[in-house]
Structure formats: structure tokens, C-alpha cells
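Peer 1: My structure is below; once you've seen it, I'll send some questions.
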Amino acid sequence: MRAALAAAQAAAEQGEVPVGAAIVRQGTVIATAANAPRALHDPTAHAEMLAIRAAAALLGRDRLEDCDLWVTLEPCAMCAGAIAHARIARLYYGASDPKGGAVEHGPRLFGQPTCHHRPEVYPGIGEAEAGAVLRAFFRARR
């Protein structure tokens, strides 16, 4: 989670919503990413999406069944869908997102009968620090 939190802080410094993600395979971080929709002019450039793309490119395959995703904020529906399609083994996330999350909130994507892959989900990892980074970012913009 430390790598994801560092990426979230880097996103905040760039004026992006501070979300960071890391893909871990066999105990080694193989990809990290920070939110970058504004910088890349790409609404799909969420930290999770960028980390999944980087890990898939590094490994030369679209399925990441032997990888874990660590992210600072509960994934949205788009990212949860990508996690399922990539066959991520385990999802660890920090802060819950009652407004935009899709794992324990909203559509609860992994609980839908049409979801073909359900990762093991571990919420609340690094929640206090992830939440503090998000609150500080939005407080400074109000």
C-alpha cells in the first residue's frame, strides 16, 4: 500500500484527484500508477486502469490472475470491471467511496451474477492515510 499511497500523493501534487494503485506479483511491485485523467485528457486514466495496463504490457498478457491490486480508494464501476476482466486475484483498497465506489457501494459489481471473475477483496487497508490525503486535497480546493 505504501507504493499506492506514494502514487496518490504524486497525483495530488499534479492537481489530480489523489488516487494511487500498485500491482504486485509474487511479492514484488511490478507497476504503479497515479490518477491522470486531466494530464492525459483521458477520462479512463484512473490509477487502477493505468496500473493494470502497465502490468499487462510488462507481462505480455491480458490476464493478471497471479497479481494483486492495491489501491487507495474503492474502485469505481469502470475500474471494477477492468479488475474482473484482468482476472486480478486479490484487491486491497484503502478508503471506501460511498458516492463513486462499485465494490462495497453502488452496483457492487463483484456480487452481480454477470460478473465472471470475483477477486478476493480486502477493504480498509491504509484507510486512515488514504482518506487523509483525499480530504486534504479537496479541502484545499474549497
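Letters A, B, ... go to the chains of the C-alpha cells in the order shown; residues in each chain start at 1; ligands are counted from 1 in the same order.
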Can you pull out the residues contacting range 13-18 of chain A? Cut-off 7 Å, using only C-alpha atoms, and skip same-chain residues under 4 positions away; I want them as a list of chain:residue names.

Peer 2: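 Surrounding residues, per the criterion: A:Ala8, A:Gln9, A:Asn35, A:Ala36, A:Arg38, A:Val133, A:Leu134.
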
Peer 1: Need the shell around range 81-83 of chain A: protein/DNA/RNA residues with any atom at most 8 Å away, counting only C-alpha atoms. Skip same-chain ones fewer than 3 positions apart. Format as a VMD selection string?

Peer 2: chain A and resid 49 52 77 to 78 86 to 88 109 119

Peer 1: Could you go through range 58-128 of chain A and tell me which residues DSSP, when run on the backbone, assigns to helix (DSSP H, G or I), listing them as a ChimeraX atom specification?

Peer 2: /A:58-59,77-86,109-111,127-128

Peer 1: Create the file for the chosen residues now, containing N, CA, C and O atoms and written as a PDB file, in the first residue's frame.

Peer 2:
```pdb
ATOM      1  N   LEU A  58       3.903  -5.219 -19.302  1.00  0.00           N
ATOM      2  CA  LEU A  58       5.150  -5.784 -18.780  1.00  0.00           C
ATOM      3  C   LEU A  58       5.155  -7.305 -18.890  1.00  0.00           C
ATOM      4  O   LEU A  58       6.158  -7.902 -19.295  1.00  0.00           O
ATOM      5  N   LEU A  59       4.031  -7.926 -18.534  1.00  0.00           N
ATOM      6  CA  LEU A  59       3.953  -9.384 -18.556  1.00  0.00           C
ATOM      7  C   LEU A  59       3.613  -9.949 -19.929  1.00  0.00           C
ATOM      8  O   LEU A  59       3.738 -11.159 -20.154  1.00  0.00           O
ATOM      9  N   ALA A  77     -17.043   1.738 -10.982  1.00  0.00           N
ATOM     10  CA  ALA A  77     -17.577   0.658 -11.816  1.00  0.00           C
ATOM     11  C   ALA A  77     -16.647   0.330 -12.986  1.00  0.00           C
ATOM     12  O   ALA A  77     -16.432  -0.844 -13.308  1.00  0.00           O
ATOM     13  N   MET A  78     -16.073   1.354 -13.622  1.00  0.00           N
ATOM     14  CA  MET A  78     -15.167   1.110 -14.747  1.00  0.00           C
ATOM     15  C   MET A  78     -13.951   0.300 -14.292  1.00  0.00           C
ATOM     16  O   MET A  78     -13.584  -0.696 -14.927  1.00  0.00           O
ATOM     17  N   CYS A  79     -13.358   0.720 -13.196  1.00  0.00           N
ATOM     18  CA  CYS A  79     -12.157   0.042 -12.706  1.00  0.00           C
ATOM     19  C   CYS A  79     -12.476  -1.348 -12.172  1.00  0.00           C
ATOM     20  O   CYS A  79     -11.707  -2.291 -12.384  1.00  0.00           O
ATOM     21  N   ALA A  80     -13.611  -1.502 -11.495  1.00  0.00           N
ATOM     22  CA  ALA A  80     -14.010  -2.827 -11.017  1.00  0.00           C
ATOM     23  C   ALA A  80     -14.203  -3.770 -12.196  1.00  0.00           C
ATOM     24  O   ALA A  80     -13.802  -4.938 -12.139  1.00  0.00           O
ATOM     25  N   GLY A  81     -14.790  -3.273 -13.285  1.00  0.00           N
ATOM     26  CA  GLY A  81     -14.945  -4.094 -14.486  1.00  0.00           C
ATOM     27  C   GLY A  81     -13.606  -4.515 -15.049  1.00  0.00           C
ATOM     28  O   GLY A  81     -13.408  -5.674 -15.434  1.00  0.00           O
ATOM     29  N   ALA A  82     -12.654  -3.589 -15.085  1.00  0.00           N
ATOM     30  CA  ALA A  82     -11.316  -3.909 -15.590  1.00  0.00           C
ATOM     31  C   ALA A  82     -10.620  -4.925 -14.686  1.00  0.00           C
ATOM     32  O   ALA A  82      -9.927  -5.824 -15.171  1.00  0.00           O
ATOM     33  N   ILE A  83     -10.817  -4.812 -13.381  1.00  0.00           N
ATOM     34  CA  ILE A  83     -10.237  -5.761 -12.433  1.00  0.00           C
ATOM     35  C   ILE A  83     -10.776  -7.163 -12.717  1.00  0.00           C
ATOM     36  O   ILE A  83     -10.019  -8.142 -12.745  1.00  0.00           O
ATOM     37  N   ALA A  84     -12.072  -7.262 -12.945  1.00  0.00           N
ATOM     38  CA  ALA A  84     -12.687  -8.553 -13.258  1.00  0.00           C
ATOM     39  C   ALA A  84     -12.161  -9.098 -14.583  1.00  0.00           C
ATOM     40  O   ALA A  84     -11.798 -10.279 -14.674  1.00  0.00           O
ATOM     41  N   HIS A  85     -12.103  -8.255 -15.604  1.00  0.00           N
ATOM     42  CA  HIS A  85     -11.626  -8.709 -16.915  1.00  0.00           C
ATOM     43  C   HIS A  85     -10.163  -9.132 -16.878  1.00  0.00           C
ATOM     44  O   HIS A  85      -9.764 -10.066 -17.583  1.00  0.00           O
ATOM     45  N   ALA A  86      -9.361  -8.451 -16.063  1.00  0.00           N
ATOM     46  CA  ALA A  86      -7.937  -8.790 -15.948  1.00  0.00           C
ATOM     47  C   ALA A  86      -7.711 -10.014 -15.062  1.00  0.00           C
ATOM     48  O   ALA A  86      -6.604 -10.531 -15.005  1.00  0.00           O
ATOM     49  N   LEU A 109     -20.281  -4.463  -8.036  1.00  0.00           N
ATOM     50  CA  LEU A 109     -20.045  -5.213  -9.271  1.00  0.00           C
ATOM     51  C   LEU A 109     -19.675  -6.678  -9.072  1.00  0.00           C
ATOM     52  O   LEU A 109     -20.186  -7.548  -9.778  1.00  0.00           O
ATOM     53  N   PHE A 110     -18.821  -6.960  -8.114  1.00  0.00           N
ATOM     54  CA  PHE A 110     -18.356  -8.340  -7.946  1.00  0.00           C
ATOM     55  C   PHE A 110     -19.450  -9.268  -7.422  1.00  0.00           C
ATOM     56  O   PHE A 110     -19.316 -10.486  -7.497  1.00  0.00           O
ATOM     57  N   GLY A 111     -20.530  -8.708  -6.925  1.00  0.00           N
ATOM     58  CA  GLY A 111     -21.646  -9.508  -6.446  1.00  0.00           C
ATOM     59  C   GLY A 111     -22.713  -9.749  -7.505  1.00  0.00           C
ATOM     60  O   GLY A 111     -23.676 -10.470  -7.254  1.00  0.00           O
ATOM     61  N   GLU A 127      -6.630   2.775   5.259  1.00  0.00           N
ATOM     62  CA  GLU A 127      -7.799   3.656   5.113  1.00  0.00           C
ATOM     63  C   GLU A 127      -7.572   5.052   5.693  1.00  0.00           C
ATOM     64  O   GLU A 127      -7.928   6.055   5.068  1.00  0.00           O
ATOM     65  N   ALA A 128      -6.999   5.135   6.878  1.00  0.00           N
ATOM     66  CA  ALA A 128      -6.810   6.434   7.530  1.00  0.00           C
ATOM     67  C   ALA A 128      -5.913   7.346   6.700  1.00  0.00           C
ATOM     68  O   ALA A 128      -6.243   8.509   6.465  1.00  0.00           O
TER      69      ALA A 128
END
```

Peer 1: Quick check, in Å to one decimal: how far apart do CA of Ala21 in chain A and CA of Cys115 in chain A lie?

Peer 2: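 Going from CA of Ala21 in chain A over to CA of Cys115 in chain A, I get 22.1 Å.
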
Peer 1: Find the spatial neighbours of Ala47 in chain A, counting only C-alpha atoms, within a cut-off of 7 Å - ignore same-chain residues fewer than 4 positions away - and output them as a list in words.

Peer 2: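 Residues meeting the cut-off are Val19, Gly20, Ala21, Ala33, Ala34, Asn35 and Ala51 of chain A.
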
Peer 1: What is the distance between CA of Ala102 in chain A and CA of Thr28 in chain A, in Å to one decimal?

Peer 2: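 If I compute the distance from CA of Ala102 in chain A to CA of Thr28 in chain A, I get 26.9 Å.
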
Peer 1: Would you list the contacts of Ser96 in chain A as a VMD selection string, taking every protein, DNA or RNA residue within 9 Å and counting only C-alpha atoms, but skipping same-chain residues closer than 3 positions in sequence?

Peer 2: chain A and resid 72 to 75 93 101 103 to 105 123 to 124 127 131

Peer 1: Let's have the selection written as a PDB file, in the first residue's frame, with N, CA, C and O atoms.

Peer 2:
```pdb
ATOM      1  N   THR A  72      -5.710   3.052  -3.310  1.00  0.00           N
ATOM      2  CA  THR A  72      -6.006   3.879  -2.143  1.00  0.00           C
ATOM      3  C   THR A  72      -7.488   4.180  -1.959  1.00  0.00           C
ATOM      4  O   THR A  72      -7.899   4.589  -0.881  1.00  0.00           O
ATOM      5  N   LEU A  73      -8.299   4.000  -3.007  1.00  0.00           N
ATOM      6  CA  LEU A  73      -9.725   4.308  -2.941  1.00  0.00           C
ATOM      7  C   LEU A  73     -10.525   3.174  -3.568  1.00  0.00           C
ATOM      8  O   LEU A  73     -10.092   2.588  -4.577  1.00  0.00           O
ATOM      9  N   GLU A  74     -11.672   2.878  -3.007  1.00  0.00           N
ATOM     10  CA  GLU A  74     -12.564   1.860  -3.559  1.00  0.00           C
ATOM     11  C   GLU A  74     -12.772   2.103  -5.054  1.00  0.00           C
ATOM     12  O   GLU A  74     -13.135   3.207  -5.459  1.00  0.00           O
ATOM     13  N   PRO A  75     -12.534   1.109  -5.887  1.00  0.00           N
ATOM     14  CA  PRO A  75     -12.673   1.286  -7.332  1.00  0.00           C
ATOM     15  C   PRO A  75     -14.096   1.626  -7.777  1.00  0.00           C
ATOM     16  O   PRO A  75     -15.079   1.167  -7.199  1.00  0.00           O
ATOM     17  N   TYR A  93      -7.954  -2.311  -0.889  1.00  0.00           N
ATOM     18  CA  TYR A  93      -8.130  -0.867  -1.061  1.00  0.00           C
ATOM     19  C   TYR A  93      -8.263  -0.172   0.279  1.00  0.00           C
ATOM     20  O   TYR A  93      -8.658  -0.766   1.278  1.00  0.00           O
ATOM     21  N   GLY A 101     -17.875   4.512  -5.508  1.00  0.00           N
ATOM     22  CA  GLY A 101     -17.358   3.151  -5.429  1.00  0.00           C
ATOM     23  C   GLY A 101     -18.332   2.135  -5.996  1.00  0.00           C
ATOM     24  O   GLY A 101     -19.546   2.358  -6.027  1.00  0.00           O
ATOM     25  N   VAL A 103     -17.569  -1.465  -5.392  1.00  0.00           N
ATOM     26  CA  VAL A 103     -17.233  -2.751  -4.791  1.00  0.00           C
ATOM     27  C   VAL A 103     -18.149  -3.002  -3.593  1.00  0.00           C
ATOM     28  O   VAL A 103     -18.904  -3.963  -3.578  1.00  0.00           O
ATOM     29  N   GLU A 104     -18.099  -2.124  -2.598  1.00  0.00           N
ATOM     30  CA  GLU A 104     -18.993  -2.264  -1.451  1.00  0.00           C
ATOM     31  C   GLU A 104     -20.136  -1.260  -1.504  1.00  0.00           C
ATOM     32  O   GLU A 104     -21.042  -1.303  -0.677  1.00  0.00           O
ATOM     33  N   HIS A 105     -20.126  -0.375  -2.486  1.00  0.00           N
ATOM     34  CA  HIS A 105     -21.164   0.628  -2.668  1.00  0.00           C
ATOM     35  C   HIS A 105     -21.715   0.535  -4.090  1.00  0.00           C
ATOM     36  O   HIS A 105     -21.193  -0.217  -4.917  1.00  0.00           O
ATOM     37  N   PRO A 123     -11.002  -4.621   2.057  1.00  0.00           N
ATOM     38  CA  PRO A 123     -11.151  -3.170   2.203  1.00  0.00           C
ATOM     39  C   PRO A 123     -10.485  -2.643   3.469  1.00  0.00           C
ATOM     40  O   PRO A 123     -10.175  -3.390   4.398  1.00  0.00           O
ATOM     41  N   GLY A 124     -10.263  -1.333   3.495  1.00  0.00           N
ATOM     42  CA  GLY A 124      -9.798  -0.663   4.703  1.00  0.00           C
ATOM     43  C   GLY A 124      -8.312  -0.737   4.972  1.00  0.00           C
ATOM     44  O   GLY A 124      -7.868  -0.327   6.039  1.00  0.00           O
ATOM     45  N   GLU A 127      -6.630   2.775   5.259  1.00  0.00           N
ATOM     46  CA  GLU A 127      -7.799   3.656   5.113  1.00  0.00           C
ATOM     47  C   GLU A 127      -7.572   5.052   5.693  1.00  0.00           C
ATOM     48  O   GLU A 127      -7.928   6.055   5.068  1.00  0.00           O
ATOM     49  N   GLY A 131      -7.600   8.216   3.263  1.00  0.00           N
ATOM     50  CA  GLY A 131      -8.674   9.180   3.488  1.00  0.00           C
ATOM     51  C   GLY A 131      -8.135  10.568   3.799  1.00  0.00           C
ATOM     52  O   GLY A 131      -8.672  11.570   3.332  1.00  0.00           O
TER      53      GLY A 131
END
```

Peer 1: Leaving out Val24 in chain A and any residue of its chain fewer than 5 positions from it, which residues lie within 7 Å of it when counting only C-alpha atoms, given as an NGL selection string?

Peer 2: :A and (29-30 or 67-69)

Peer 1: Could you save those same residues with N, CA and C atoms as a PDB file, in the first residue's frame?

Peer 2:
```pdb
ATOM      1  N   VAL A  29       6.375  -5.358  -6.461  1.00  0.00           N
ATOM      2  CA  VAL A  29       5.585  -4.355  -7.164  1.00  0.00           C
ATOM      3  C   VAL A  29       6.069  -4.317  -8.614  1.00  0.00           C
ATOM      4  N   ILE A  30       5.165  -4.608  -9.546  1.00  0.00           N
ATOM      5  CA  ILE A  30       5.553  -4.608 -10.967  1.00  0.00           C
ATOM      6  C   ILE A  30       4.998  -3.409 -11.725  1.00  0.00           C
ATOM      7  N   CYS A  67      -1.698 -11.802  -9.897  1.00  0.00           N
ATOM      8  CA  CYS A  67      -1.356 -10.467  -9.413  1.00  0.00           C
ATOM      9  C   CYS A  67      -2.407  -9.942  -8.444  1.00  0.00           C
ATOM     10  N   ASP A  68      -1.960  -9.053  -7.577  1.00  0.00           N
ATOM     11  CA  ASP A  68      -2.835  -8.369  -6.622  1.00  0.00           C
ATOM     12  C   ASP A  68      -2.822  -6.886  -6.961  1.00  0.00           C
ATOM     13  N   LEU A  69      -3.950  -6.222  -6.727  1.00  0.00           N
ATOM     14  CA  LEU A  69      -4.048  -4.779  -6.937  1.00  0.00           C
ATOM     15  C   LEU A  69      -4.241  -4.109  -5.587  1.00  0.00           C
TER      16      LEU A  69
END
```

Peer 1: CA of Ala56 in chain A and CA of Ile125 in chain A, how far apart in Å?

Peer 2: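 Calculated distance between CA of Ile125 in chain A and CA of Ala56 in chain A is 24.1 Å.
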
Peer 1: Pick the closest to Arg108 in chain A from A:Arg53, A:Cys76, A:Ala39, A:Tyr122: which is it, counting only C-alpha atoms?

Peer 2: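 Going through A:Arg53, A:Cys76, A:Ala39, A:Tyr122 one by one, the smallest distance to Arg108 in chain A is for A:Cys76.
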
Peer 1: Just checking: using only C-alpha atoms, which residue out of A:Pro107, A:Pro37, A:Pro113, A:Gly126 ends up closest to Trp70 in chain A?

Peer 2: A:Gly126

Peer 1: Choose the residue, out of A:Ala7, A:His117, A:Ala12, A:Ile23, that has the smallest atom-to-atom separation from Arg141 in chain A; count only C-alpha atoms.

Peer 2: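 Residue with the minimum atom-to-atom distance to Arg141 in chain A: A:Ala12.
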